[in-house]
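> For reference, this is coords-v7.pdb, and it has PDB, C-alpha atoms.
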```
MODEL        1
ATOM      1  CA  MET A  11      47.108 -19.425  22.124
ATOM      2  CA  SER A  12      45.094 -19.732  18.917
ATOM      3  CA  TYR A  13      45.626 -16.632  16.798
ATOM      4  CA  TRP A  14      42.292 -17.277  15.071
ATOM      5  CA  GLU A  15      40.308 -17.107  18.268
ATOM      6  CA  MET A  16      42.501 -15.354  20.853
ATOM      7  CA  GLY A  17      40.181 -16.540  23.589
ATOM      8  CA  GLY A  18      37.188 -15.006  21.804
ATOM      9  CA  TYR A  19      38.827 -11.583  21.478
ATOM     10  CA  ALA A  20      40.212 -11.974  17.930
ATOM     11  CA  VAL A  21      37.275  -9.973  16.591
ATOM     12  CA  TYR A  22      38.599  -6.954  18.541
ATOM     13  CA  VAL A  23      42.356  -7.551  18.457
ATOM     14  CA  TRP A  24      42.899  -8.075  14.723
ATOM     15  CA  PRO A  25      40.810  -5.067  13.577
ATOM     16  CA  ALA A  26      42.874  -2.917  15.974
ATOM     17  CA  TYR A  27      46.125  -4.150  14.420
ATOM     18  CA  GLY A  28      44.622  -4.016  10.918
ATOM     19  CA  ILE A  29      43.463  -0.419  11.100
ATOM     20  CA  SER A  30      46.758   0.631  12.693
ATOM     21  CA  LEU A  31      48.783  -0.915   9.879
ATOM     22  CA  LEU A  32      46.394   0.517   7.279
ATOM     23  CA  VAL A  33      46.616   4.094   8.583
ATOM     24  CA  LEU A  34      50.413   3.893   8.987
ATOM     25  CA  ALA A  35      50.724   2.510   5.443
ATOM     26  CA  LEU A  36      48.467   5.232   3.996
ATOM     27  CA  ASN A  37      50.613   7.924   5.623
ATOM     28  CA  ILE A  38      53.767   6.365   4.158
ATOM     29  CA  PHE A  39      52.105   6.279   0.738
ATOM     30  CA  ALA A  40      51.021   9.928   1.062
ATOM     31  CA  ALA A  41      54.469  11.062   2.220
ATOM     32  CA  PHE A  42      56.297   9.416  -0.667
ATOM     33  CA  THR A  43      53.814  10.317  -3.404
ATOM     34  CA  PRO A  44      55.029  13.353  -5.380
ATOM     35  CA  ASP A  45      52.812  16.444  -5.172
ATOM     36  CA  LYS A  46      50.497  17.069  -8.107
ATOM     37  CA  PRO A  47      51.100  20.399  -9.862
ATOM     38  CA  ASP A  48      47.630  21.544  -8.668
ATOM     39  CA  ASP A  49      48.736  21.145  -5.034
ATOM     40  CA  GLN A  50      51.592  23.622  -5.337
TER      41      GLN A  50
ATOM     42  CA  MET B  18      66.447   9.987   6.905
ATOM     43  CA  PRO B  19      66.156   6.418   5.503
ATOM     44  CA  TRP B  20      67.626   5.010   8.706
ATOM     45  CA  CYS B  21      64.563   6.326  10.569
ATOM     46  CA  GLY B  22      62.458   4.191   8.206
ATOM     47  CA  TRP B  23      64.617   1.144   8.864
ATOM     48  CA  ALA B  24      64.483   1.754  12.628
ATOM     49  CA  PHE B  25      60.679   2.028  12.397
ATOM     50  CA  ALA B  26      60.484  -1.301  10.557
ATOM     51  CA  LEU B  27      62.965  -3.145  12.806
ATOM     52  CA  PHE B  28      61.482  -1.941  16.096
ATOM     53  CA  GLY B  29      57.974  -2.529  14.687
ATOM     54  CA  ILE B  30      58.694  -6.143  13.700
ATOM     55  CA  ALA B  31      60.409  -6.778  17.053
ATOM     56  CA  GLY B  32      57.515  -5.138  18.935
ATOM     57  CA  LEU B  33      54.864  -7.115  17.047
ATOM     58  CA  TYR B  34      56.736 -10.382  17.614
ATOM     59  CA  TRP B  35      57.256  -9.577  21.283
ATOM     60  CA  GLY B  36      53.677  -8.415  21.772
ATOM     61  CA  LEU B  37      51.918 -11.177  19.851
ATOM     62  CA  ALA B  38      54.206 -14.182  20.409
ATOM     63  CA  LEU B  39      56.356 -13.695  23.519
ATOM     64  CA  ALA B  40      54.276 -11.628  25.949
ATOM     65  CA  PRO B  41      52.106 -13.828  28.187
ATOM     66  CA  THR B  42      48.324 -13.790  28.299
ATOM     67  CA  ASP B  43      46.952 -11.277  30.795
ATOM     68  CA  ALA B  44      45.359 -12.860  33.860
ATOM     69  CA  VAL B  45      42.343 -10.511  33.841
ATOM     70  CA  GLN B  46      41.897  -9.289  30.260
ATOM     71  CA  GLY B  47      43.000 -12.445  28.438
ATOM     72  CA  GLU B  48      44.247 -11.864  24.890
ATOM     73  CA  ALA B  49      42.279  -8.626  24.487
ATOM     74  CA  TYR B  50      45.023  -6.730  26.307
ATOM     75  CA  ARG B  51      47.278  -7.173  23.230
ATOM     76  CA  ILE B  52      45.433  -4.196  21.705
ATOM     77  CA  MET B  53      47.557  -2.219  24.169
ATOM     78  CA  PHE B  54      50.616  -2.641  21.928
ATOM     79  CA  VAL B  55      49.052  -0.537  19.172
ATOM     80  CA  HIS B  56      46.761   1.621  21.322
ATOM     81  CA  VAL B  57      49.137   2.977  23.967
ATOM     82  CA  PRO B  58      51.986   3.988  21.585
ATOM     83  CA  ALA B  59      49.431   5.755  19.357
ATOM     84  CA  ALA B  60      48.072   7.637  22.376
ATOM     85  CA  TRP B  61      51.590   8.577  23.526
ATOM     86  CA  MET B  62      52.467   9.770  20.040
ATOM     87  CA  SER B  63      49.311  11.856  19.790
ATOM     88  CA  LEU B  64      50.593  13.823  22.802
ATOM     89  CA  MET B  65      54.266  13.789  21.780
ATOM     90  CA  VAL B  66      53.555  15.135  18.285
ATOM     91  CA  TYR B  67      51.458  17.930  19.771
ATOM     92  CA  SER B  68      54.185  18.732  22.316
ATOM     93  CA  VAL B  69      56.759  18.979  19.513
ATOM     94  CA  MET B  70      54.353  21.157  17.516
ATOM     95  CA  THR B  71      53.867  23.440  20.533
ATOM     96  CA  CYS B  72      57.656  23.913  20.836
ATOM     97  CA  CYS B  73      57.836  24.671  17.092
ATOM     98  CA  ALA B  74      54.872  27.059  17.393
ATOM     99  CA  ILE B  75      56.614  29.064  20.124
ATOM    100  CA  VAL B  76      59.760  29.276  17.969
ATOM    101  CA  VAL B  77      57.665  30.325  14.947
ATOM    102  CA  ILE B  78      55.896  33.077  16.874
ATOM    103  CA  ILE B  79      59.045  34.466  18.520
ATOM    104  CA  TRP B  80      61.856  33.915  15.996
ATOM    105  CA  ARG B  81      60.005  32.935  12.768
ATOM    106  CA  THR B  82      62.582  30.239  12.111
ATOM    107  CA  LYS B  83      61.959  28.449   8.821
ATOM    108  CA  VAL B  84      62.900  25.002  10.145
ATOM    109  CA  ALA B  85      60.270  25.333  12.881
ATOM    110  CA  GLU B  86      57.724  26.469  10.283
ATOM    111  CA  TYR B  87      58.434  23.443   8.101
ATOM    112  CA  TRP B  88      58.197  21.081  11.053
ATOM    113  CA  LEU B  89      54.933  22.681  12.176
ATOM    114  CA  LEU B  90      53.479  22.403   8.674
ATOM    115  CA  ALA B  91      54.607  18.777   8.310
ATOM    116  CA  SER B  92      53.449  17.387  11.662
ATOM    117  CA  PRO B  93      49.670  17.739  12.199
ATOM    118  CA  ALA B  94      48.606  15.043   9.716
ATOM    119  CA  HIS B  95      50.674  12.491  11.631
ATOM    120  CA  GLY B  96      49.403  13.751  14.977
ATOM    121  CA  ALA B  97      45.820  13.462  13.735
ATOM    122  CA  SER B  98      46.514   9.919  12.495
ATOM    123  CA  PHE B  99      47.938   8.835  15.848
ATOM    124  CA  THR B 100      45.011  10.416  17.703
ATOM    125  CA  PHE B 101      42.519   8.729  15.390
ATOM    126  CA  LEU B 102      44.261   5.386  15.945
ATOM    127  CA  ALA B 103      44.318   5.884  19.719
ATOM    128  CA  LEU B 104      40.557   6.527  19.694
ATOM    129  CA  VAL B 105      39.649   3.663  17.347
ATOM    130  CA  THR B 106      41.891   1.039  18.953
ATOM    131  CA  GLY B 107      40.774   2.254  22.378
ATOM    132  CA  SER B 108      37.181   1.761  21.304
ATOM    133  CA  LEU B 109      37.999  -1.774  20.113
ATOM    134  CA  TRP B 110      39.593  -2.438  23.492
ATOM    135  CA  GLY B 111      36.769  -0.761  25.413
ATOM    136  CA  LYS B 112      33.962  -2.875  23.987
ATOM    137  CA  PRO B 113      35.124  -6.236  25.417
ATOM    138  CA  MET B 114      36.511  -4.736  28.649
ATOM    139  CA  TRP B 115      33.983  -2.029  29.527
ATOM    140  CA  GLY B 116      31.014  -3.311  27.532
ATOM    141  CA  THR B 117      30.794  -0.142  25.437
ATOM    142  CA  TRP B 118      32.529   1.307  22.379
ATOM    143  CA  TRP B 119      32.520   4.814  23.783
ATOM    144  CA  ALA B 120      31.904   6.707  27.013
ATOM    145  CA  TRP B 121      31.977  10.466  27.628
ATOM    146  CA  ASP B 122      34.770   9.891  30.070
ATOM    147  CA  ALA B 123      37.291  12.701  30.721
ATOM    148  CA  ARG B 124      40.257  10.908  29.070
ATOM    149  CA  LEU B 125      38.304   9.839  25.976
ATOM    150  CA  THR B 126      36.604  13.197  25.562
ATOM    151  CA  SER B 127      39.822  15.213  25.935
ATOM    152  CA  GLU B 128      41.542  12.912  23.404
ATOM    153  CA  LEU B 129      38.614  13.461  21.001
ATOM    154  CA  ILE B 130      39.028  17.229  21.480
ATOM    155  CA  LEU B 131      42.721  16.773  20.588
ATOM    156  CA  LEU B 132      41.651  15.164  17.299
ATOM    157  CA  PHE B 133      39.373  18.151  16.568
ATOM    158  CA  ILE B 134      42.254  20.540  17.337
ATOM    159  CA  TYR B 135      44.519  18.649  14.925
ATOM    160  CA  LEU B 136      41.783  18.805  12.263
ATOM    161  CA  ALA B 137      41.348  22.553  12.838
ATOM    162  CA  ILE B 138      45.106  23.063  12.425
ATOM    163  CA  LEU B 139      45.038  20.997   9.229
ATOM    164  CA  ALA B 140      42.096  23.074   7.973
ATOM    165  CA  MET B 141      44.112  26.258   8.594
ATOM    166  CA  LYS B 142      47.005  24.779   6.624
ATOM    167  CA  GLY B 143      44.682  23.948   3.726
ATOM    168  CA  ALA B 144      42.893  27.292   3.785
ATOM    169  CA  ILE B 145      45.935  29.589   3.602
ATOM    170  CA  PRO B 146      47.986  29.212   0.407
ATOM    171  CA  ASP B 147      50.992  31.186   1.695
ATOM    172  CA  GLN B 148      53.038  28.710   3.736
ATOM    173  CA  ARG B 149      54.643  31.288   6.024
ATOM    174  CA  LYS B 150      51.301  32.899   6.876
ATOM    175  CA  ALA B 151      49.758  29.460   7.339
ATOM    176  CA  ALA B 152      52.566  28.482   9.721
ATOM    177  CA  ARG B 153      51.976  31.580  11.863
ATOM    178  CA  VAL B 154      48.218  30.990  12.093
ATOM    179  CA  MET B 155      48.825  27.301  12.825
ATOM    180  CA  ALA B 156      51.336  28.282  15.501
ATOM    181  CA  MET B 157      48.799  30.462  17.295
ATOM    182  CA  LEU B 158      46.134  27.769  17.137
ATOM    183  CA  THR B 159      48.645  25.156  18.335
ATOM    184  CA  ILE B 160      49.621  27.250  21.349
ATOM    185  CA  VAL B 161      45.973  27.846  22.283
ATOM    186  CA  GLY B 162      45.220  24.125  21.892
ATOM    187  CA  SER B 163      48.181  23.091  24.040
ATOM    188  CA  VAL B 164      46.071  23.788  27.120
ATOM    189  CA  ASN B 165      44.445  20.431  26.351
ATOM    190  CA  LEU B 166      47.699  18.456  26.847
ATOM    191  CA  PRO B 167      47.810  18.522  30.675
ATOM    192  CA  ILE B 168      44.051  17.929  30.709
ATOM    193  CA  ILE B 169      44.538  14.697  28.725
ATOM    194  CA  LYS B 170      47.528  13.586  30.807
ATOM    195  CA  PHE B 171      45.985  14.255  34.226
ATOM    196  CA  SER B 172      42.309  13.608  33.367
ATOM    197  CA  VAL B 173      42.535  10.157  34.938
ATOM    198  CA  ASP B 174      43.800  11.698  38.189
ATOM    199  CA  TRP B 175      41.571  14.777  38.315
ATOM    200  CA  TRP B 176      38.301  13.003  37.570
ATOM    201  CA  THR B 177      36.801   9.593  38.165
ATOM    202  CA  THR B 178      37.140   7.937  34.776
ATOM    203  CA  LEU B 179      36.317   4.646  33.134
ATOM    204  CA  HIS B 180      39.789   4.799  31.596
ATOM    205  CA  GLN B 181      42.452   3.290  33.806
ATOM    206  CA  PRO B 182      45.069   5.543  35.458
ATOM    207  CA  ALA B 183      48.668   5.668  34.220
ATOM    208  CA  SER B 184      50.465   2.328  34.538
ATOM    209  CA  ILE B 185      53.849   3.213  32.984
ATOM    210  CA  PHE B 186      54.734   6.855  33.752
ATOM    211  CA  ARG B 187      53.735   6.922  37.408
ATOM    212  CA  SER B 188      55.440   7.298  40.749
ATOM    213  CA  GLY B 189      56.575   3.880  41.938
ATOM    214  CA  GLY B 190      57.509   2.701  38.458
ATOM    215  CA  PRO B 191      55.588   0.748  35.816
ATOM    216  CA  SER B 192      52.917  -1.604  37.105
ATOM    217  CA  ILE B 193      52.907  -4.016  34.153
ATOM    218  CA  ALA B 194      54.943  -7.190  33.602
ATOM    219  CA  PRO B 195      58.435  -6.667  32.091
ATOM    220  CA  MET B 196      57.620  -8.798  29.007
ATOM    221  CA  MET B 197      54.590  -6.632  28.260
ATOM    222  CA  LEU B 198      56.527  -3.453  28.989
ATOM    223  CA  THR B 199      59.303  -4.499  26.564
ATOM    224  CA  ALA B 200      56.808  -5.024  23.734
ATOM    225  CA  LEU B 201      55.167  -1.701  24.525
ATOM    226  CA  LEU B 202      58.463   0.201  24.483
ATOM    227  CA  LEU B 203      59.547  -1.460  21.214
ATOM    228  CA  MET B 204      56.289  -0.386  19.577
ATOM    229  CA  ALA B 205      56.616   3.113  21.042
ATOM    230  CA  LEU B 206      60.145   3.390  19.601
ATOM    231  CA  SER B 207      58.849   2.166  16.246
ATOM    232  CA  TYR B 208      56.091   4.799  16.203
ATOM    233  CA  THR B 209      58.564   7.513  17.225
ATOM    234  CA  PHE B 210      60.928   6.693  14.369
ATOM    235  CA  TYR B 211      57.916   6.510  12.034
ATOM    236  CA  TYR B 212      56.917  10.049  12.988
ATOM    237  CA  PHE B 213      60.416  11.460  12.458
ATOM    238  CA  TRP B 214      60.857   9.527   9.203
ATOM    239  CA  LEU B 215      57.631  10.770   7.603
ATOM    240  CA  THR B 216      57.878  14.284   9.010
ATOM    241  CA  LEU B 217      61.388  14.662   7.598
ATOM    242  CA  GLN B 218      60.069  13.417   4.252
ATOM    243  CA  ASN B 219      57.219  15.954   4.397
ATOM    244  CA  VAL B 220      59.686  18.727   5.313
ATOM    245  CA  ARG B 221      61.743  17.781   2.267
ATOM    246  CA  LYS B 222      58.639  18.060   0.077
ATOM    247  CA  LEU B 223      57.814  21.489   1.553
ATOM    248  CA  ILE B 224      61.340  22.732   0.876
ATOM    249  CA  ASP B 225      61.193  21.414  -2.701
ATOM    250  CA  ARG B 226      57.816  23.083  -3.191
ATOM    251  CA  ARG B 227      59.092  26.420  -1.928
ATOM    252  CA  ALA B 228      62.176  26.171  -4.125
ATOM    253  CA  ALA B 229      60.064  25.350  -7.227
TER     254      ALA B 229
ENDMDL
END
```
Rewrite the structure from the file as structure tokens, please.


Amino acid sequence: MSYWEMGGYAVYVWPAYGISLLVLALNIFAAFTPDKPDDQ
Amino acid sequence: MPWCGWAFALFGIAGLYWGLALAPTDAVQGEAYRIMFVHVPAAWMSLMVYSVMTCCAIVVIIWRTKVAEYWLLASPAHGASFTFLALVTGSLWGKPMWGTWWAWDARLTSELILLFIYLAILAMKGAIPDQRKAARVMAMLTIVGSVNLPIIKFSVDWWTTLHQPASIFRSGGPSIAPMMLTALLLMALSYTFYYFWLTLQNVRKLIDRRAA
């Protein structure tokens, strides 16, 4: 299997993995960022 | 708590390796089916987080337990994220398989309604400065919204849908190949630990904020 092409489906598969990793990473960042004083 | 983060990472790496390198190509869907390894766990988690929130909401309404309040306050952002991911990755899977990004199918529509319910709960949290009052209002909204859970789960049985019926949790056992099932379960475990890891971290922040 070519990971670049994935039988023509790479254009769907990689964005799905990319957005999943992005959203999970953003939540980790948000959880471990200290609250601003304004938020309290 | 950190061990939940490590478990998330380890199961996630194992699941990605299994799903992208070891699992065979699907005979019908080709490589496109590999979206399943991020889509299905996200969809499961969208329901699991809401189920946990519903349990917390009942405890908040009846006993007003602080731990349940904290958990209820800390959860909806993650539930909304999982629901959003289930919808987006499902759309990316739907286009090559169904020929459309979206259909007003019972499963898709009820999952979209779940996202709106999560957003409404988050709006309640943001609108009420007092955490204890916010938790009670969120609890009531969560309990009302829980009626959507069985609708999502059984939508594929109750109505004729474009979305496929259950292939894992069904009578007769899973209908997918063991290699694919292993990757799916590893990713589901990873997402589960992720949820508990970040929710515990958010609970810690809420406790610190209340103590400040």

> Could you give me, as an NGL selection string, the residues within 8 Å of segment 33-43 of chain A, counting only C-alpha atoms and dropping anything in the same chain fewer than 5 positions from it?

:B and (95 or 98 or 102 or 215 or 218-219)

> Which residues fall under the PyMOL selection byres ((chain B) within 10 of (chain A)) in this file, as a short mmCIF file (atom, residue, chain, number, x, y, z; two decimals) with C-alpha atoms, in the coordinates of the input?


```cif
data_model
loop_
_atom_site.label_atom_id
_atom_site.label_comp_id
_atom_site.auth_asym_id
_atom_site.auth_seq_id
_atom_site.Cartn_x
_atom_site.Cartn_y
_atom_site.Cartn_z
CA GLY B 22 62.46 4.19 8.21
CA LEU B 33 54.86 -7.12 17.05
CA LEU B 37 51.92 -11.18 19.85
CA ALA B 38 54.21 -14.18 20.41
CA PRO B 41 52.11 -13.83 28.19
CA THR B 42 48.32 -13.79 28.30
CA GLN B 46 41.90 -9.29 30.26
CA GLY B 47 43.00 -12.44 28.44
CA GLU B 48 44.25 -11.86 24.89
CA ALA B 49 42.28 -8.63 24.49
CA TYR B 50 45.02 -6.73 26.31
CA ARG B 51 47.28 -7.17 23.23
CA ILE B 52 45.43 -4.20 21.70
CA MET B 53 47.56 -2.22 24.17
CA PHE B 54 50.62 -2.64 21.93
CA VAL B 55 49.05 -0.54 19.17
CA HIS B 56 46.76 1.62 21.32
CA ALA B 59 49.43 5.76 19.36
CA ALA B 91 54.61 18.78 8.31
CA ALA B 94 48.61 15.04 9.72
CA HIS B 95 50.67 12.49 11.63
CA SER B 98 46.51 9.92 12.50
CA PHE B 99 47.94 8.84 15.85
CA PHE B 101 42.52 8.73 15.39
CA LEU B 102 44.26 5.39 15.94
CA ALA B 103 44.32 5.88 19.72
CA VAL B 105 39.65 3.66 17.35
CA THR B 106 41.89 1.04 18.95
CA GLY B 107 40.77 2.25 22.38
CA SER B 108 37.18 1.76 21.30
CA LEU B 109 38.00 -1.77 20.11
CA TRP B 110 39.59 -2.44 23.49
CA GLY B 111 36.77 -0.76 25.41
CA LYS B 112 33.96 -2.88 23.99
CA PRO B 113 35.12 -6.24 25.42
CA PRO B 146 47.99 29.21 0.41
CA TYR B 208 56.09 4.80 16.20
CA TYR B 211 57.92 6.51 12.03
CA TYR B 212 56.92 10.05 12.99
CA TRP B 214 60.86 9.53 9.20
CA LEU B 215 57.63 10.77 7.60
CA THR B 216 57.88 14.28 9.01
CA LEU B 217 61.39 14.66 7.60
CA GLN B 218 60.07 13.42 4.25
CA ASN B 219 57.22 15.95 4.40
CA VAL B 220 59.69 18.73 5.31
CA ARG B 221 61.74 17.78 2.27
CA LYS B 222 58.64 18.06 0.08
CA LEU B 223 57.81 21.49 1.55
CA ARG B 226 57.82 23.08 -3.19
CA ARG B 227 59.09 26.42 -1.93
CA ALA B 229 60.06 25.35 -7.23
#
```

> So that I can see what lies close to segment 157-166 of chain B, please list as a ChimeraX atom specification the residues with an atom at most 8 Å from it, counting all atoms listed in the file and leaving out residues fewer than 2 positions away in the same chain.

/B:64,67-68,70-71,74-75,78,127,130-131,134,138,153-155,168-170

> Would you kindly translate the PyMOL selection byres ((chain B and resi 205) around 8) into the concrete residues it picks from this file, as a PDB file with C-alpha atoms, in the coordinates of the input?


```pdb
ATOM      1  CA  PRO B  58      51.986   3.988  21.585  1.00  0.00           C
ATOM      2  CA  ALA B  59      49.431   5.755  19.357  1.00  0.00           C
ATOM      3  CA  TRP B  61      51.590   8.577  23.526  1.00  0.00           C
ATOM      4  CA  MET B  62      52.467   9.770  20.040  1.00  0.00           C
ATOM      5  CA  LEU B 201      55.167  -1.701  24.525  1.00  0.00           C
ATOM      6  CA  LEU B 202      58.463   0.201  24.483  1.00  0.00           C
ATOM      7  CA  LEU B 203      59.547  -1.460  21.214  1.00  0.00           C
ATOM      8  CA  MET B 204      56.289  -0.386  19.577  1.00  0.00           C
ATOM      9  CA  LEU B 206      60.145   3.390  19.601  1.00  0.00           C
ATOM     10  CA  SER B 207      58.849   2.166  16.246  1.00  0.00           C
ATOM     11  CA  TYR B 208      56.091   4.799  16.203  1.00  0.00           C
ATOM     12  CA  THR B 209      58.564   7.513  17.225  1.00  0.00           C
TER      13      THR B 209
END
```

> One number please: atom CA of Ile79 of chain B to atom CA of Ala60 of chain B, in Å, one decimal.

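So the answer is 29.2 Å.
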
> Using all atoms listed in the file, give me every residue within 6 Å of (49.1, 17.7, 17.4) in file coordinates, as a list in words.

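In the file's frame, the residues around the point are Val66, Tyr67, Pro93, Gly96 and Tyr135 of chain B.
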
> How big is the axis-aligned box, and where does its centre sit, when it encloses all atoms of segment 162-174 of chain B listed in the file and has 6 Å added on every side, reported in Å to one decimal as JSON?


```
{"center_x": 45.2, "center_y": 17.1, "center_z": 30.0, "size_x": 17.9, "size_y": 26.0, "size_z": 28.3}
```

> If we count all atoms listed in the file and set the cut-off at 7 Å, which residues sit around Leu136 of chain B, ignoring sequence neighbours fewer than 4 positions away in its own chain? Please answer as a ChimeraX atom specification.

/B:97,132,140

> Calculate how many Å separate atom CA of Trp23 of chain B from atom CA of Gly36 of chain B, rounding to one decimal.

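These two atoms are separated by 19.4 Å.
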
> Between atom CA of Ala194 of chain B and atom CA of Leu129 of chain B, what is the distance in Å, rounded to a tenth?

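For atom CA of Ala194 of chain B relative to atom CA of Leu129 of chain B, the distance reads 29.2 Å.
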